[in-house]
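Colleague: One structure is given below, represented as structure tokens, and several questions about it will come after.
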Amino acid sequence: MRPDYAGPERGPEAPFPIKLRGPVIKGFGRGSKELGIPTANIPPEGLSAHPDLTTGIYFGYASLQHPQQDPKPETDTEPGIEIYPCVLSIGYNPFYANKTRSIEIHILHDFSADFYGSSLKLLMLGFIRPEYDYVSKESLIEDIRTDCRVAERSLRRVGWRLEDEKGWEEWLRDFGWAEGLTWKDVEKVEDKVLAKGDQKL
Ligand code: ADP
Ligand code: RBF
Ligand code: MG
């Protein structure tokens with residue numbers, strides 16, 4: 001049996017919150033989506049500022065700003081910034097034996113369309129568990145489902161909610177850095193990340 005909550009009752013403790021950001025890029029295309037667990041990947045570069053961060057499963061909040069420049073993506077997503085709870089995996093997915101480290105964020109919300117190329121900010125607030133290898137895909141999925149429940153429950157505690165005095169929401173809504181980011185820029189980052197191949201990041 002796994003615990004129902006992660007992190008201390010009163011709120012996040014050091015080294016959290018950890019802040020990352022980047023455009024949503026293509027991942028390994030393994031069909032996480034068909035498994036019911038799509039993950040928005042962002043470039044792992046930001047991790048260099050946190051060399052001691054262990055690989056594993058984390059939770060927190062993510063905000064999205066959908067692109068507004070031309071060419072307009074064929075989605076029915078509204079412009080503007082949205083904030084959601086999320087779970088994420090940072091690491092090598094032992095079940096799939098990846099050679100490069102990835103940051104994959106599963107947002108706890110049902111979207112009606114993809115949002116590749118959108119800008120994403122990630123406020124990591126706590127650690128849930130290490131990455132494991134699994135005997136089957138089904139057991140991996142079952143554990144991810146539990147991660148989602150643990151994250152939702154944990155974030156509902158007073159010390160973990162988005163409230164003005166914490167300054168979290170203010171940070172999550174600041175997309176000044178993404179102004180002028182074009183589809184070309186996003187493609188360049190994507191190519192760079194995918195081209196790293198088996199080089200360990
Ligand atoms: P990839 O290997 O390219 O990351 P996935 O199967 O993991 O492919 O799907 C990820 C994409 O699904 C995201 O980039 C995003 O556009 C979309 N998506 C839809 N719903 C969600 C969600 N709830 N959380 C994360 N991504 C989502
Ligand atoms: N992959 C693993 O190999 N081991 C894990 O323990 C693991 N945990 C995950 C937890 C979460 C919350 C998420 C979003 C992904 C996790 N993954 C893990 C990555 C998973 O293998 C990847 O998203 C697959 O592509 C999903 O089928
Ligand atoms: Mg993904």
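Residue numbering restarts at 1 in every chain; chains get A, B, ... in the order shown in the structure tokens, and ligands count up from 1 in that same order.
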Taking only C-alpha atoms and all ligand atoms into account, which residues are within 7 Å of ligand 1, as a PyMOL selection string?

Modeller: chain A and resi 24-34+38-41+105-111+113-116

Colleague: Export, as a short mmCIF file (atom, residue, chain, number, x, y, z; two decimals), in the first residue's frame, the selected residues with N, CA, C and O atoms.

Modeller:
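Once everything was written out, this is out-v9.cif:
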data_model
loop_
_atom_site.label_atom_id
_atom_site.label_comp_id
_atom_site.auth_asym_id
_atom_site.auth_seq_id
_atom_site.Cartn_x
_atom_site.Cartn_y
_atom_site.Cartn_z
N VAL A 24 6.52 23.22 -24.94
CA VAL A 24 6.11 21.81 -24.99
C VAL A 24 6.62 21.22 -26.30
O VAL A 24 6.26 21.70 -27.38
N ILE A 25 7.51 20.23 -26.16
CA ILE A 25 8.12 19.63 -27.36
C ILE A 25 7.67 18.17 -27.52
O ILE A 25 7.10 17.59 -26.60
N LYS A 26 8.00 17.61 -28.68
CA LYS A 26 7.64 16.20 -28.91
C LYS A 26 8.50 15.31 -28.04
O LYS A 26 9.67 15.57 -27.82
N GLY A 27 7.92 14.22 -27.56
CA GLY A 27 8.68 13.25 -26.78
C GLY A 27 9.01 12.04 -27.63
O GLY A 27 9.20 12.16 -28.83
N PHE A 28 8.99 10.89 -26.99
CA PHE A 28 9.39 9.68 -27.70
C PHE A 28 8.24 9.09 -28.52
O PHE A 28 8.41 8.10 -29.21
N GLY A 29 7.07 9.70 -28.40
CA GLY A 29 5.93 9.24 -29.18
C GLY A 29 5.59 7.79 -28.94
O GLY A 29 5.34 7.02 -29.85
N ARG A 30 5.62 7.41 -27.67
CA ARG A 30 5.37 6.02 -27.32
C ARG A 30 3.89 5.75 -27.12
O ARG A 30 3.51 4.68 -26.70
N GLY A 31 3.13 6.76 -27.39
CA GLY A 31 1.69 6.57 -27.23
C GLY A 31 1.24 6.58 -25.79
O GLY A 31 0.32 5.87 -25.41
N SER A 32 1.88 7.41 -24.98
CA SER A 32 1.40 7.55 -23.60
C SER A 32 -0.07 7.95 -23.64
O SER A 32 -0.84 7.60 -22.77
N LYS A 33 -0.39 8.71 -24.69
CA LYS A 33 -1.75 9.20 -24.84
C LYS A 33 -2.75 8.06 -24.94
O LYS A 33 -3.80 8.08 -24.33
N GLU A 34 -2.40 7.05 -25.73
CA GLU A 34 -3.31 5.90 -25.88
C GLU A 34 -3.48 5.16 -24.55
O GLU A 34 -4.48 4.51 -24.31
N PRO A 38 -1.16 11.11 -21.29
CA PRO A 38 -0.30 11.94 -22.13
C PRO A 38 0.64 12.75 -21.25
O PRO A 38 0.25 13.17 -20.15
N THR A 39 1.85 12.95 -21.69
CA THR A 39 2.80 13.76 -20.91
C THR A 39 3.38 14.85 -21.80
O THR A 39 3.90 14.58 -22.87
N ALA A 40 3.26 16.09 -21.35
CA ALA A 40 3.85 17.22 -22.06
C ALA A 40 5.33 17.26 -21.71
O ALA A 40 5.69 17.37 -20.53
N ASN A 41 6.18 17.12 -22.71
CA ASN A 41 7.62 17.14 -22.46
C ASN A 41 8.16 18.55 -22.64
O ASN A 41 7.76 19.26 -23.56
N ILE A 105 5.47 15.87 -18.12
CA ILE A 105 4.46 16.39 -17.21
C ILE A 105 3.07 15.91 -17.61
O ILE A 105 2.62 16.16 -18.73
N HIS A 106 2.41 15.22 -16.70
CA HIS A 106 1.01 14.85 -16.94
C HIS A 106 0.15 15.85 -16.17
O HIS A 106 0.17 15.89 -14.94
N ILE A 107 -0.60 16.64 -16.92
CA ILE A 107 -1.44 17.67 -16.32
C ILE A 107 -2.78 17.05 -15.93
O ILE A 107 -3.36 16.28 -16.69
N LEU A 108 -3.23 17.37 -14.72
CA LEU A 108 -4.46 16.77 -14.21
C LEU A 108 -5.67 17.54 -14.70
O LEU A 108 -6.33 18.28 -13.96
N HIS A 109 -5.91 17.42 -15.99
CA HIS A 109 -7.02 18.11 -16.66
C HIS A 109 -7.26 17.41 -17.99
O HIS A 109 -6.32 16.92 -18.60
N ASP A 110 -8.52 17.35 -18.41
CA ASP A 110 -8.85 16.77 -19.71
C ASP A 110 -8.82 17.85 -20.77
O ASP A 110 -9.64 18.76 -20.73
N PHE A 111 -7.90 17.74 -21.71
CA PHE A 111 -7.82 18.73 -22.79
C PHE A 111 -8.53 18.16 -24.02
O PHE A 111 -8.48 16.97 -24.28
N ALA A 113 -7.67 19.16 -27.04
CA ALA A 113 -6.73 19.21 -28.16
C ALA A 113 -5.30 19.21 -27.64
O ALA A 113 -5.06 19.53 -26.48
N ASP A 114 -4.36 18.84 -28.50
CA ASP A 114 -2.94 18.88 -28.14
C ASP A 114 -2.47 20.32 -28.03
O ASP A 114 -3.09 21.23 -28.58
N PHE A 115 -1.35 20.51 -27.35
CA PHE A 115 -0.82 21.87 -27.23
C PHE A 115 0.70 21.89 -27.38
O PHE A 115 1.40 22.57 -26.65
N TYR A 116 1.19 21.14 -28.35
CA TYR A 116 2.62 21.22 -28.69
C TYR A 116 2.94 22.66 -29.06
O TYR A 116 2.15 23.33 -29.71
#

Colleague: Using 6 Å as the limit and counting only C-alpha atoms and all ligand atoms, can you tabulate each residue of chain A that touches ligand 2, with its shortest atom-to-atom distance in Å and the two atoms involved, as CSV?

Modeller:
residue,atom,partner,partner_atom_place_in_ligand_line,distance
A:Arg30,CA,ligand 2,25 (O),5.5
A:Ser32,CA,ligand 2,27 (O),4.1
A:Thr39,CA,ligand 2,14 (C),5.9
A:Ile57,CA,ligand 2,10 (C),5.4
A:Val87,CA,ligand 2,12 (C),4.8
A:Leu88,CA,ligand 2,14 (C),4.7
A:Ser89,CA,ligand 2,13 (C),4.8
A:Asn93,CA,ligand 2,3 (O),3.2
A:Pro94,CA,ligand 2,3 (O),4.0
A:Phe95,CA,ligand 2,3 (O),3.5
A:Tyr96,CA,ligand 2,3 (O),5.5
A:Glu104,CA,ligand 2,14 (C),5.9
A:Ile105,CA,ligand 2,14 (C),5.6
A:His106,CA,ligand 2,14 (C),4.9
A:Glu131,CA,ligand 2,6 (O),3.6
A:Tyr132,CA,ligand 2,6 (O),4.0
A:Asp133,CA,ligand 2,4 (N),5.3
A:Ile144,CA,ligand 2,12 (C),4.8
A:Asp147,CA,ligand 2,12 (C),5.6

Colleague: Of the residues A:Ala178, A:Ile83, A:Leu123, A:Ile103, which is the one nearest to ligand 3, using only C-alpha atoms and all ligand atoms?

Modeller: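 The shortest atom-to-atom distance to ligand 3 comes from A:Ile103.
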
Colleague: Given only C-alpha atoms and all ligand atoms as the basis, pick out the residue of A:Pro17, A:Tyr61, A:Gly36, A:Asp164 nearest to ligand 3.

Modeller: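 Among the listed residues, the smallest separation from ligand 3 belongs to A:Gly36.
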
Colleague: Using only C-alpha atoms, can you tell me which of A:Ser48, A:Thr100, A:Met124, A:Arg2 comes closest to Leu155 in chain A?

Modeller: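 Under the stated criterion, the closest residue is A:Met124.
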
Colleague: Run DSSP on the backbone and give me the residues of range 38-171 of chain A it puts in strand (DSSP E), as an MDAnalysis selection string.

Modeller: chainID A and resid 40:42 56:65 81:91 102:107 119:129

Colleague: Using only C-alpha atoms and all ligand atoms, can you tell me which of A:Ser102, A:Ser118, A:Thr54, A:Ser136 comes closest to ligand 3?

Modeller: A:Ser102
